[in-house]
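**Student:** Compact mmCIF, C-alpha atoms, saved as my_file.txt, coming up:
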# COMPACT_ATOMS: atom_id res chain seq x y z
CA MET B 27 126.21 93.37 77.88
CA GLU B 28 129.40 91.43 78.48
CA ASP B 29 130.24 88.05 76.97
CA PHE B 30 131.69 85.21 79.03
CA GLU B 31 133.49 82.03 78.21
CA ASP B 32 132.55 78.85 80.05
CA ASP B 33 133.64 79.20 83.69
CA PRO B 34 134.36 75.84 85.38
CA ARG B 35 134.47 77.51 88.86
CA ALA B 36 131.76 77.68 88.06
CA LEU B 37 98.03 77.79 111.95
CA GLY B 38 100.22 79.63 114.45
CA ALA B 39 99.08 81.68 117.38
CA ARG B 40 97.50 84.08 114.94
CA GLY B 41 95.06 82.89 112.37
CA HIS B 42 93.34 84.74 109.61
CA ARG B 43 90.33 86.94 109.17
CA ARG B 44 87.78 87.53 106.49
CA SER B 45 87.40 91.01 105.08
CA VAL B 46 83.97 92.35 104.26
CA SER B 47 84.89 94.41 101.69
CA ARG B 48 102.01 82.04 86.38
CA GLY B 49 95.19 81.21 81.19
CA SER B 50 97.08 78.34 82.79
CA TYR B 51 100.85 78.12 83.14
CA GLN B 52 100.62 74.76 81.41
CA LEU B 53 99.23 76.46 78.31
CA GLN B 54 101.98 79.08 78.51
CA ALA B 55 104.65 76.37 78.70
CA GLN B 56 103.23 74.58 75.66
CA MET B 57 103.37 77.78 73.65
CA ASN B 58 106.89 78.70 74.74
CA ARG B 59 108.68 75.46 73.84
CA ALA B 60 110.39 77.07 70.87
CA VAL B 61 113.89 78.40 71.45
CA TYR B 62 114.46 82.15 70.96
CA GLU B 63 114.65 82.82 67.25
CA ASP B 64 114.37 85.71 64.83
CA ARG B 65 110.77 86.41 63.88
CA PRO B 66 109.17 89.46 62.32
CA PRO B 67 107.23 91.75 64.71
CA GLY B 68 103.95 90.55 63.22
CA SER B 69 104.40 86.90 64.19
CA VAL B 70 101.08 85.64 65.49
CA VAL B 71 99.91 83.18 68.09
CA PRO B 72 98.18 80.08 66.66
CA THR B 73 94.52 80.95 66.29
CA SER B 74 93.06 78.08 68.33
CA VAL B 75 95.24 78.87 71.34
CA ALA B 76 94.69 82.60 71.11
CA GLU B 77 90.92 82.24 70.89
CA ALA B 78 90.80 79.88 73.86
CA SER B 79 92.83 82.26 75.99
CA ARG B 80 90.81 85.27 74.86
CA ALA B 81 87.71 83.46 76.04
CA MET B 82 89.26 82.99 79.49
CA ALA B 83 90.41 86.61 79.67
CA GLY B 84 87.24 88.18 78.34
CA ASP B 85 87.08 90.51 75.37
CA THR B 86 87.34 93.72 77.39
CA SER B 87 89.94 96.42 78.01
CA LEU B 88 92.81 96.05 80.45
CA SER B 89 91.32 98.65 82.78
CA GLU B 90 88.05 96.74 82.90
CA ASN B 91 89.77 93.41 83.39
CA TYR B 92 91.89 94.66 86.26
CA ALA B 93 89.12 96.39 88.20
CA PHE B 94 88.90 94.85 91.67
CA ALA B 95 85.84 94.52 93.91
CA GLY B 96 87.90 94.67 97.11
CA MET B 97 89.50 92.32 99.60
CA TYR B 98 88.42 88.70 99.47
CA HIS B 99 90.40 87.64 102.54
CA VAL B 100 93.25 88.70 104.81
CA PHE B 101 95.77 86.26 106.33
CA ASP B 102 97.70 87.58 109.32
CA GLN B 103 99.31 84.50 110.89
CA HIS B 104 102.77 85.93 110.08
CA VAL B 105 102.01 89.47 111.15
CA ASP B 106 105.14 89.90 113.31
CA GLU B 107 107.60 89.33 110.44
CA ALA B 108 107.82 90.19 106.75
CA VAL B 109 106.36 87.84 104.13
CA PRO B 110 108.83 88.12 101.24
CA ARG B 111 107.07 85.64 98.95
CA VAL B 112 103.47 84.64 98.19
CA ARG B 113 102.53 82.22 95.39
CA PHE B 114 99.44 80.51 94.09
CA ALA B 115 99.94 76.88 93.11
CA ASN B 116 100.42 76.21 89.40
CA ASP B 117 97.20 75.99 87.36
CA ASP B 118 95.21 76.42 90.56
CA ARG B 119 92.56 78.93 91.58
CA HIS B 120 92.36 78.40 95.33
CA ARG B 121 95.64 77.02 96.75
CA LEU B 122 98.09 79.58 98.06
CA ALA B 123 101.36 79.53 100.00
CA CYS B 124 103.49 82.20 101.62
CA CYS B 125 106.80 82.20 103.46
CA SER B 126 107.86 84.37 106.36
CA LEU B 127 110.99 85.65 108.01
CA ASP B 128 109.57 84.02 111.17
CA GLY B 129 110.97 80.75 109.73
CA SER B 130 107.71 79.13 108.59
CA ILE B 131 105.64 78.60 105.46
CA SER B 132 101.83 78.60 105.33
CA LEU B 133 99.78 76.49 102.92
CA CYS B 134 96.31 77.99 102.51
CA GLN B 135 93.02 76.99 100.88
CA LEU B 136 90.61 79.72 99.77
CA VAL B 137 87.63 77.51 98.85
CA PRO B 138 85.37 76.27 100.39
CA ALA B 139 84.65 79.27 102.58
CA PRO B 140 85.91 80.33 104.96
CA PRO B 141 89.52 80.34 103.70
CA THR B 142 91.81 78.34 105.98
CA VAL B 143 95.46 77.70 106.73
CA LEU B 144 95.85 73.99 105.96
CA HIS B 145 99.41 73.52 107.18
CA VAL B 146 102.20 75.57 108.71
CA LEU B 147 105.57 74.17 107.63
CA ARG B 148 108.11 74.49 110.42
CA GLY B 149 111.72 73.38 110.55
CA HIS B 150 113.89 76.24 109.35
CA THR B 151 115.68 77.89 112.27
CA ARG B 152 115.86 81.33 110.63
CA GLY B 153 113.73 83.28 108.17
CA VAL B 154 112.49 81.68 104.96
CA SER B 155 113.73 83.82 102.07
CA ASP B 156 112.00 82.11 99.14
CA PHE B 157 110.05 79.05 98.04
CA ALA B 158 108.67 77.49 94.85
CA TRP B 159 105.92 75.04 93.88
CA SER B 160 106.82 72.07 91.70
CA LEU B 161 104.98 71.87 88.38
CA SER B 162 102.55 69.25 89.74
CA ASN B 163 102.23 71.11 93.09
CA ASP B 164 103.03 67.95 95.07
CA ILE B 165 106.17 69.40 96.63
CA LEU B 166 107.61 72.77 97.60
CA VAL B 167 111.22 73.75 97.90
CA SER B 168 112.23 76.50 100.34
CA THR B 169 115.43 78.43 101.04
CA SER B 170 116.38 79.99 104.35
CA LEU B 171 118.83 82.28 106.08
CA ASP B 172 119.76 79.20 108.14
CA ALA B 173 121.87 78.02 105.14
CA THR B 174 119.57 75.13 104.22
CA MET B 175 116.97 74.31 101.65
CA ARG B 176 114.07 72.02 102.50
CA ILE B 177 111.79 69.86 100.41
CA TRP B 178 108.17 69.65 101.64
CA ALA B 179 105.17 67.48 100.76
CA SER B 180 102.28 69.85 100.09
CA GLU B 181 99.61 67.24 100.90
CA ASP B 182 100.48 66.91 104.59
CA GLY B 183 103.15 69.55 105.17
CA ARG B 184 105.92 67.14 106.20
CA CYS B 185 109.56 67.84 105.48
CA ILE B 186 110.92 65.25 103.04
CA ARG B 187 114.53 66.37 102.98
CA GLU B 188 116.86 69.02 104.38
CA ILE B 189 119.80 70.00 102.17
CA PRO B 190 122.64 72.22 103.43
CA ASP B 191 123.99 74.93 101.16
CA PRO B 192 127.26 73.70 99.56
CA ASP B 193 129.01 76.86 100.81
CA GLY B 194 127.37 76.98 104.24
CA ALA B 195 125.94 80.39 103.30
CA GLU B 196 122.55 82.01 103.73
CA LEU B 197 120.25 80.91 100.90
CA LEU B 198 118.37 83.83 99.40
CA CYS B 199 116.37 82.54 96.41
CA CYS B 200 115.35 79.42 94.53
CA THR B 201 113.56 78.23 91.39
CA PHE B 202 112.69 74.88 89.85
CA GLN B 203 114.09 73.93 86.46
CA PRO B 204 110.80 74.12 84.50
CA VAL B 205 111.31 70.93 82.46
CA ASN B 206 113.08 68.80 85.07
CA ASN B 207 111.65 69.45 88.54
CA ASN B 208 114.24 67.12 90.05
CA LEU B 209 116.64 70.06 89.66
CA THR B 210 116.40 73.28 91.66
CA VAL B 211 118.62 76.34 91.33
CA VAL B 212 119.50 78.28 94.47
CA GLY B 213 121.37 81.53 95.05
CA ASN B 214 123.34 82.32 98.20
CA ALA B 215 125.01 85.10 100.17
CA LYS B 216 128.50 84.04 99.05
CA HIS B 217 127.69 85.16 95.51
CA ASN B 218 127.15 81.64 94.17
CA VAL B 219 124.46 79.99 92.07
CA HIS B 220 124.13 76.21 92.47
CA VAL B 221 122.06 73.65 90.57
CA MET B 222 120.89 71.12 93.17
CA ASN B 223 119.51 67.61 92.64
CA ILE B 224 116.74 67.42 95.23
CA SER B 225 116.60 63.61 95.05
CA THR B 226 120.24 63.12 96.01
CA GLY B 227 120.71 66.35 97.95
CA LYS B 228 123.89 67.06 95.97
CA LYS B 229 124.89 69.91 93.71
CA VAL B 230 125.18 69.06 90.04
CA LYS B 231 128.69 68.80 88.58
CA GLY B 232 129.36 71.92 86.51
CA GLY B 233 126.17 73.49 87.84
CA SER B 234 127.77 76.26 89.92
CA SER B 235 128.86 79.78 89.06
CA LYS B 236 129.87 82.96 90.86
CA LEU B 237 128.23 86.38 90.53
CA THR B 238 129.51 89.78 91.66
CA GLY B 239 127.31 89.92 94.77
CA ARG B 240 124.69 88.19 96.92
CA VAL B 241 122.28 86.33 94.63
CA LEU B 242 118.78 87.74 95.20
CA ALA B 243 116.72 86.70 92.17
CA LEU B 244 116.48 83.82 89.68
CA SER B 245 114.29 83.11 86.65
CA PHE B 246 114.27 80.56 83.83
CA ASP B 247 112.77 81.04 80.40
CA ALA B 248 109.85 78.68 79.77
CA PRO B 249 111.84 76.03 77.83
CA GLY B 250 114.39 75.93 80.66
CA ARG B 251 117.41 76.62 78.45
CA LEU B 252 118.19 80.11 79.75
CA LEU B 253 118.62 81.18 83.36
CA TRP B 254 118.97 84.74 84.62
CA ALA B 255 120.36 85.60 88.06
CA GLY B 256 120.45 89.01 89.73
CA ASP B 257 122.67 90.17 92.60
CA ASP B 258 122.85 92.93 95.19
CA ARG B 259 125.54 94.80 93.21
CA GLY B 260 123.14 95.61 90.38
CA SER B 261 124.14 92.93 87.86
CA VAL B 262 122.03 90.41 85.94
CA PHE B 263 123.84 87.39 84.48
CA SER B 264 122.46 85.01 81.89
CA PHE B 265 123.43 81.33 81.79
CA LEU B 266 122.95 78.62 79.22
CA PHE B 267 121.50 75.56 80.94
CA ASP B 268 122.46 72.13 79.62
CA MET B 269 119.25 70.11 79.69
CA ALA B 270 121.08 66.76 79.75
CA THR B 271 123.62 67.43 82.49
CA GLY B 272 122.41 70.48 84.44
CA LYS B 273 125.65 72.31 83.66
CA LEU B 274 125.61 76.13 83.66
CA THR B 275 127.58 78.17 81.12
CA LYS B 276 127.88 81.89 81.88
CA ALA B 277 126.84 83.87 78.81
CA LYS B 278 126.07 87.57 79.32
CA ARG B 279 126.19 90.23 82.02
CA LEU B 280 124.12 93.41 82.27
CA VAL B 281 124.77 96.08 84.90
CA VAL B 282 121.27 97.43 85.57
CA HIS B 283 122.67 100.08 87.91
CA GLU B 284 125.89 99.79 89.86
CA GLY B 285 125.16 99.12 93.54
CA SER B 286 121.37 98.79 93.16
CA PRO B 287 120.18 95.34 94.31
CA VAL B 288 118.24 93.33 91.72
CA THR B 289 115.38 91.96 93.86
CA SER B 290 113.14 90.36 91.24
CA ILE B 291 113.43 88.83 87.77
CA SER B 292 110.45 87.46 85.82
CA ALA B 293 110.74 86.03 82.30
CA ARG B 294 108.05 85.82 79.63
CA SER B 295 108.36 84.74 75.98
CA TRP B 296 105.08 86.26 74.75
CA VAL B 297 104.36 89.82 75.78
CA SER B 298 101.62 90.90 73.41
CA ARG B 299 98.62 88.92 72.29
CA GLU B 300 99.76 88.53 68.70
CA ALA B 301 103.55 88.97 68.66
CA ARG B 302 106.38 87.01 70.21
CA ASP B 303 108.60 89.32 72.24
CA PRO B 304 110.79 87.57 74.86
CA SER B 305 111.06 89.90 77.84
CA LEU B 306 112.34 90.23 81.39
CA LEU B 307 110.68 92.21 84.17
CA ILE B 308 113.17 93.49 86.76
CA ASN B 309 112.97 95.31 90.10
CA ALA B 310 116.26 96.91 91.14
CA CYS B 311 115.78 99.50 93.94
CA LEU B 312 115.74 102.38 91.43
CA ASN B 313 112.18 103.62 92.08
CA LYS B 314 111.36 102.05 88.72
CA LEU B 315 110.02 98.80 87.36
CA LEU B 316 112.14 97.85 84.35
CA LEU B 317 111.07 95.94 81.24
CA TYR B 318 113.86 94.47 79.11
CA ARG B 319 113.74 92.77 75.73
CA VAL B 320 115.71 89.53 75.29
CA VAL B 321 117.64 90.16 72.10
CA ASP B 322 119.46 86.88 71.44
CA ASN B 323 119.56 83.21 72.36
CA GLU B 324 122.21 83.83 75.02
CA GLY B 325 119.91 86.04 77.07
CA ALA B 326 121.34 89.47 76.22
CA LEU B 327 119.03 92.27 77.39
CA GLN B 328 118.01 95.65 76.01
CA LEU B 329 115.93 98.12 78.04
CA LYS B 330 112.49 98.53 76.52
CA ARG B 331 110.85 100.88 79.02
CA SER B 332 110.38 101.63 82.72
CA PHE B 333 107.46 102.43 85.04
CA PRO B 334 107.51 104.63 88.16
CA ILE B 335 107.16 102.89 91.52
CA GLU B 336 108.63 103.47 94.96
CA GLN B 337 111.48 101.07 95.67
CA SER B 338 114.77 102.13 97.17
CA SER B 339 115.59 99.47 99.76
CA HIS B 340 112.97 96.69 100.14
CA PRO B 341 113.05 93.38 98.18
CA VAL B 342 110.02 94.18 96.01
CA ARG B 343 108.89 91.68 93.36
CA SER B 344 106.76 91.86 90.23
CA ILE B 345 105.02 89.50 87.78
CA PHE B 346 103.65 89.27 84.27
CA CYS B 347 99.90 88.62 84.35
CA PRO B 348 99.17 84.98 83.39
CA LEU B 349 96.54 85.78 80.74
CA MET B 350 97.94 89.03 79.47
CA SER B 351 99.33 87.67 76.20
CA PHE B 352 95.86 87.35 74.70
CA ARG B 353 94.28 90.71 75.47
CA GLN B 354 94.50 94.02 73.77
CA GLY B 355 97.51 95.36 75.64
CA ALA B 356 99.71 93.58 78.16
CA CYS B 357 99.74 93.98 81.91
CA VAL B 358 102.34 93.60 84.67
CA VAL B 359 101.84 93.89 88.43
CA THR B 360 104.35 94.98 91.07
CA GLY B 361 104.62 95.67 94.76
CA SER B 362 105.91 99.02 95.95
CA GLU B 363 107.23 100.78 99.04
CA ASP B 364 104.26 103.19 98.90
CA MET B 365 102.15 100.29 100.33
CA CYS B 366 100.23 99.86 97.06
CA VAL B 367 99.93 97.23 94.34
CA HIS B 368 100.49 98.76 90.90
CA PHE B 369 99.28 97.58 87.48
CA PHE B 370 100.89 98.81 84.26
CA ASP B 371 100.10 98.27 80.58
CA VAL B 372 103.51 97.67 79.00
CA GLU B 373 102.20 98.49 75.51
CA ARG B 374 100.55 101.80 76.32
CA ALA B 375 102.84 104.65 75.26
CA ALA B 376 101.45 107.20 77.73
CA LYS B 377 99.66 106.86 81.07
CA ALA B 378 100.68 103.23 81.47
CA ALA B 379 99.15 102.92 84.95
CA VAL B 380 96.06 100.69 84.78
CA ASN B 381 95.11 100.31 88.45
CA LYS B 382 96.39 100.72 92.01
CA LEU B 383 95.24 98.69 95.02
CA GLN B 384 95.43 100.27 98.47
CA GLY B 385 95.00 98.38 101.73
CA HIS B 386 98.44 97.42 103.01
CA SER B 387 100.04 99.31 105.89
CA ALA B 388 103.65 98.43 104.96
CA PRO B 389 105.71 98.12 101.77
CA VAL B 390 104.24 95.50 99.42
CA LEU B 391 106.91 92.89 98.73
CA ASP B 392 105.31 90.32 96.42
CA VAL B 393 102.27 89.70 94.24
CA SER B 394 100.76 86.55 92.69
CA PHE B 395 97.76 85.86 90.46
CA ASN B 396 95.86 82.59 90.44
CA CYS B 397 95.62 80.83 87.09
CA ASP B 398 92.44 82.53 85.81
CA GLU B 399 93.23 85.94 87.33
CA SER B 400 90.05 85.94 89.44
CA LEU B 401 92.17 86.44 92.59
CA LEU B 402 95.38 88.32 93.30
CA ALA B 403 97.46 87.85 96.46
CA SER B 404 99.90 90.42 97.83
CA SER B 405 102.23 90.28 100.84
CA ASP B 406 103.96 93.01 102.79
CA ALA B 407 106.82 93.83 105.13
CA SER B 408 104.58 93.65 108.21
CA GLY B 409 103.55 90.05 107.50
CA MET B 410 100.08 90.71 106.08
CA VAL B 411 98.78 88.79 103.07
CA ILE B 412 95.76 90.22 101.25
CA VAL B 413 93.77 88.27 98.67
CA TRP B 414 91.95 90.62 96.28
CA ARG B 415 88.86 89.67 94.27
CA ARG B 416 88.58 90.88 90.71
CA GLU B 417 85.26 92.27 89.57
CA GLN B 418 83.30 89.79 87.48
CA LYS B 419 81.92 91.30 84.29
Would you give me this structure, written as structure tokens?
**Tutor:**
Amino acid sequence: MEDFEDDPRALGARGHRRSVSRGSYQLQAQMNRAVYEDRPPGSVVPTSVAEASRAMAGDTSLSENYAFAGMYHVFDQHVDEAVPRVRFANDDRHRLACCSLDGSISLCQLVPAPPTVLHVLRGHTRGVSDFAWSLSNDILVSTSLDATMRIWASEDGRCIREIPDPDGAELLCCTFQPVNNNLTVVGNAKHNVHVMNISTGKKVKGGSSKLTGRVLALSFDAPGRLLWAGDDRGSVFSFLFDMATGKLTKAKRLVVHEGSPVTSISARSWVSREARDPSLLINACLNKLLLYRVVDNEGALQLKRSFPIEQSSHPVRSIFCPLMSFRQGACVVTGSEDMCVHFFDVERAAKAAVNKLQGHSAPVLDVSFNCDESLLASSDASGMVIVWRREQK
């Protein structure tokens, strides 16, 4: 990886139909407050936390835990355009949102039955590329190809604020600063990352930096001190984030593969149940899902292993399972261009595939678990969103 000095440039017409067939993120945040530090491989999770999370996960194997009973529900209100992002609300079992290249965002409620679309957020004049829930789930931020970001109230679906991109460029991704949700980081088509204050609608002084290509993916570590950004030229940059000012300092660069777009980055500080192992999960149009180890406090990365999937051109995303840190083994989930959802055990040396869900008729672009892993949502390039129900043991 390369080192850098501080860079100062730095319900629609269609509805939904029922099919017959990030433990809580709050807990994860509490456990990940420590900054990256050197610890022996045997470092253990505090017993009380580990036992509580084991109880939520169940004391069974990964294969048993990720057996699914079938489709719980199918949403098809965006069926004419791709749904690049689907996300359950934080610490929530039944609230779900998805954005579409048709320019809208749907807020959905799965319980009580039947599942319903509560609000359709309209206002963007071009496709919505990404969105994120605030920590308290009271607002959402969205980015669009119309070169604006919008702030929405989740309770009634109204638009609170529209903020133009500082460069007038297509906005391609966004993420909240995990400690200070007044700050949102966005990435655009002119290769820039900007830290935006959503209260003032202004970019933060010193909170901008340039990458080598269009910025497609962003992810913070849990304490909010490290930010990674991936671009369409195959590079991942790490930034030190100043918690007091919002300033970004470019730290490291990794070329995953020259010319291969980095479409997803997901960070996790605890990978196994007992040992701390800061890691990054990356999709990069290489027909592989890549798992990297974070090797220092500036976000330098070292490839740990890869898993076979089909991805050569679509913006496929992946996630760490919310409860995986407290089971025997550790699971990740990814979309794929073979129209399947794939589960892999990152600690299994051979035959890492745990499960595969089939039901989509187009490349699967994104996946999201609810907080207790009882439901998994997946979205595809044809606009279909499937909610899968895990078998209850």
**Student:** Each residue of range 194-260 of chain B lying at most 10 Å from range 277-292 of chain B should get a row with its shortest atom-to-atom pair and the distance in Å to one decimal, counting all atoms listed in the file; could you produce that, ordered by chain and increasing number, as CSV?
**Tutor:**
residue,atom,partner,partner_atom,distance
B:Cys199,CA,B:Thr289,CA,9.8
B:Leu237,CA,B:Arg279,CA,9.6
B:Gly239,CA,B:Pro287,CA,9.0
B:Arg240,CA,B:Pro287,CA,8.8
B:Val241,CA,B:Val288,CA,8.6
B:Leu242,CA,B:Thr289,CA,5.6
B:Ala243,CA,B:Ser290,CA,5.2
B:Leu244,CA,B:Ile291,CA,6.2
B:Ser245,CA,B:Ser292,CA,5.9
B:Phe246,CA,B:Ser292,CA,8.1
B:Asp247,CA,B:Ser292,CA,8.7
B:Leu252,CA,B:Ala277,CA,9.5
B:Leu253,CA,B:Ala277,CA,9.8
B:Trp254,CA,B:Ile291,CA,7.6
B:Ala255,CA,B:Ile291,CA,7.7
B:Gly256,CA,B:Val288,CA,5.2
B:Asp257,CA,B:Val288,CA,5.5
B:Asp258,CA,B:Pro287,CA,3.7
B:Arg259,CA,B:Gly285,CA,4.3
B:Gly260,CA,B:Ser286,CA,4.6
**Student:** Could you work out how far CA of Pro140 in chain B lies from CA of Cys347 in chain B, giving the answer in Å with one decimal?
**Tutor:**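 Atom-to-atom, CA of Cys347 in chain B to CA of Pro140 in chain B, that is 26.3 Å.
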**Student:** Considering only C-alpha atoms, return as a ChimeraX atom specification whatever protein or nucleic-acid residues lie within 10 Å of range 224-236 of chain B, sequence-local ones (same chain, fewer than 3 positions apart) excluded.
**Tutor:** /B:32-36,167,175-177,186-192,207-214,216-221,239-241,263,265,267-268,271-276
**Student:** Mind writing the picked residues with C-alpha atoms as a tab-separated table (two decimals), keeping the file's coordinate frame?
**Tutor:**
chain	number	residue	atom	x	y	z
B	32	ASP	CA	132.55	78.85	80.05
B	33	ASP	CA	133.64	79.20	83.69
B	34	PRO	CA	134.36	75.84	85.38
B	35	ARG	CA	134.47	77.51	88.86
B	36	ALA	CA	131.76	77.68	88.06
B	167	VAL	CA	111.22	73.75	97.90
B	175	MET	CA	116.97	74.31	101.65
B	176	ARG	CA	114.07	72.02	102.50
B	177	ILE	CA	111.79	69.86	100.41
B	186	ILE	CA	110.92	65.25	103.04
B	187	ARG	CA	114.53	66.37	102.98
B	188	GLU	CA	116.86	69.02	104.38
B	189	ILE	CA	119.80	70.00	102.17
B	190	PRO	CA	122.64	72.22	103.43
B	191	ASP	CA	123.99	74.93	101.16
B	192	PRO	CA	127.26	73.70	99.56
B	207	ASN	CA	111.65	69.45	88.54
B	208	ASN	CA	114.24	67.12	90.05
B	209	LEU	CA	116.64	70.06	89.66
B	210	THR	CA	116.40	73.28	91.66
B	211	VAL	CA	118.62	76.34	91.33
B	212	VAL	CA	119.50	78.28	94.47
B	213	GLY	CA	121.37	81.53	95.05
B	214	ASN	CA	123.34	82.32	98.20
B	216	LYS	CA	128.50	84.04	99.05
B	217	HIS	CA	127.69	85.16	95.51
B	218	ASN	CA	127.15	81.64	94.17
B	219	VAL	CA	124.46	79.99	92.07
B	220	HIS	CA	124.13	76.21	92.47
B	221	VAL	CA	122.06	73.65	90.57
B	239	GLY	CA	127.31	89.92	94.77
B	240	ARG	CA	124.69	88.19	96.92
B	241	VAL	CA	122.28	86.33	94.63
B	263	PHE	CA	123.84	87.39	84.48
B	265	PHE	CA	123.43	81.33	81.79
B	267	PHE	CA	121.50	75.56	80.94
B	268	ASP	CA	122.46	72.13	79.62
B	271	THR	CA	123.62	67.43	82.49
B	272	GLY	CA	122.41	70.48	84.44
B	273	LYS	CA	125.65	72.31	83.66
B	274	LEU	CA	125.61	76.13	83.66
B	275	THR	CA	127.58	78.17	81.12
B	276	LYS	CA	127.88	81.89	81.88
**Student:** Name the residues in contact with range 113-121 of chain B at a cut-off of 8 Å, using all atoms listed in the file, excluding same-chain residues fewer than 5 positions from it; report them as a ChimeraX atom specification.
**Tutor:** /B:48,50-52,133-137,158-163,393-398,400-401,403
**Student:** Measuring between all atoms listed in the file, which one of B:Ala270, B:Asp392, B:Val262, B:Gln337 shows the shortest distance to Asp156 in chain B?
**Tutor:**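 Checking each candidate against Asp156 in chain B, we get B:Asp392 as the closest.
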**Student:** Can you save range 267-273 of chain B of the given block to a file, including all heavy atoms and formatted as a short mmCIF file (atom, residue, chain, number, x, y, z; two decimals), in the first residue's frame?
**Tutor:**
data_model
loop_
_atom_site.label_atom_id
_atom_site.label_comp_id
_atom_site.auth_asym_id
_atom_site.auth_seq_id
_atom_site.Cartn_x
_atom_site.Cartn_y
_atom_site.Cartn_z
N PHE B 267 -9.95 10.30 9.85
CA PHE B 267 -11.04 11.25 10.02
C PHE B 267 -10.87 11.97 11.34
O PHE B 267 -10.82 11.33 12.40
CB PHE B 267 -12.38 10.52 9.97
CG PHE B 267 -13.58 11.44 10.00
CD1 PHE B 267 -14.13 11.92 8.83
CD2 PHE B 267 -14.15 11.82 11.21
CE1 PHE B 267 -15.22 12.77 8.85
CE2 PHE B 267 -15.24 12.67 11.24
CZ PHE B 267 -15.77 13.16 10.06
N ASP B 268 -10.77 13.29 11.30
CA ASP B 268 -10.64 14.10 12.51
C ASP B 268 -12.02 14.26 13.14
O ASP B 268 -12.90 14.91 12.57
CB ASP B 268 -10.05 15.47 12.18
CG ASP B 268 -9.68 16.27 13.42
OD1 ASP B 268 -10.56 16.47 14.28
OD2 ASP B 268 -8.52 16.70 13.52
N MET B 269 -12.20 13.68 14.32
CA MET B 269 -13.51 13.67 14.96
C MET B 269 -13.97 15.07 15.36
O MET B 269 -15.17 15.34 15.42
CB MET B 269 -13.48 12.77 16.20
CG MET B 269 -13.02 11.35 15.93
SD MET B 269 -14.20 10.42 14.95
CE MET B 269 -15.42 10.07 16.19
N ALA B 270 -13.05 15.97 15.62
CA ALA B 270 -13.41 17.32 16.07
C ALA B 270 -13.80 18.23 14.91
O ALA B 270 -14.72 19.05 15.03
CB ALA B 270 -12.26 17.93 16.85
N THR B 271 -13.12 18.09 13.78
CA THR B 271 -13.32 19.04 12.69
C THR B 271 -13.97 18.44 11.44
O THR B 271 -14.46 19.19 10.59
CB THR B 271 -11.98 19.65 12.27
OG1 THR B 271 -11.13 18.61 11.72
CG2 THR B 271 -11.27 20.28 13.47
N GLY B 272 -13.93 17.11 11.29
CA GLY B 272 -14.42 16.49 10.07
C GLY B 272 -13.42 16.48 8.94
O GLY B 272 -13.73 16.10 7.81
N LYS B 273 -12.18 16.87 9.24
CA LYS B 273 -11.14 16.90 8.22
C LYS B 273 -10.69 15.49 7.84
O LYS B 273 -10.59 14.61 8.69
CB LYS B 273 -9.94 17.70 8.74
CG LYS B 273 -8.78 17.81 7.76
CD LYS B 273 -7.60 18.56 8.37
CE LYS B 273 -6.41 18.60 7.43
NZ LYS B 273 -5.24 19.30 8.03
#
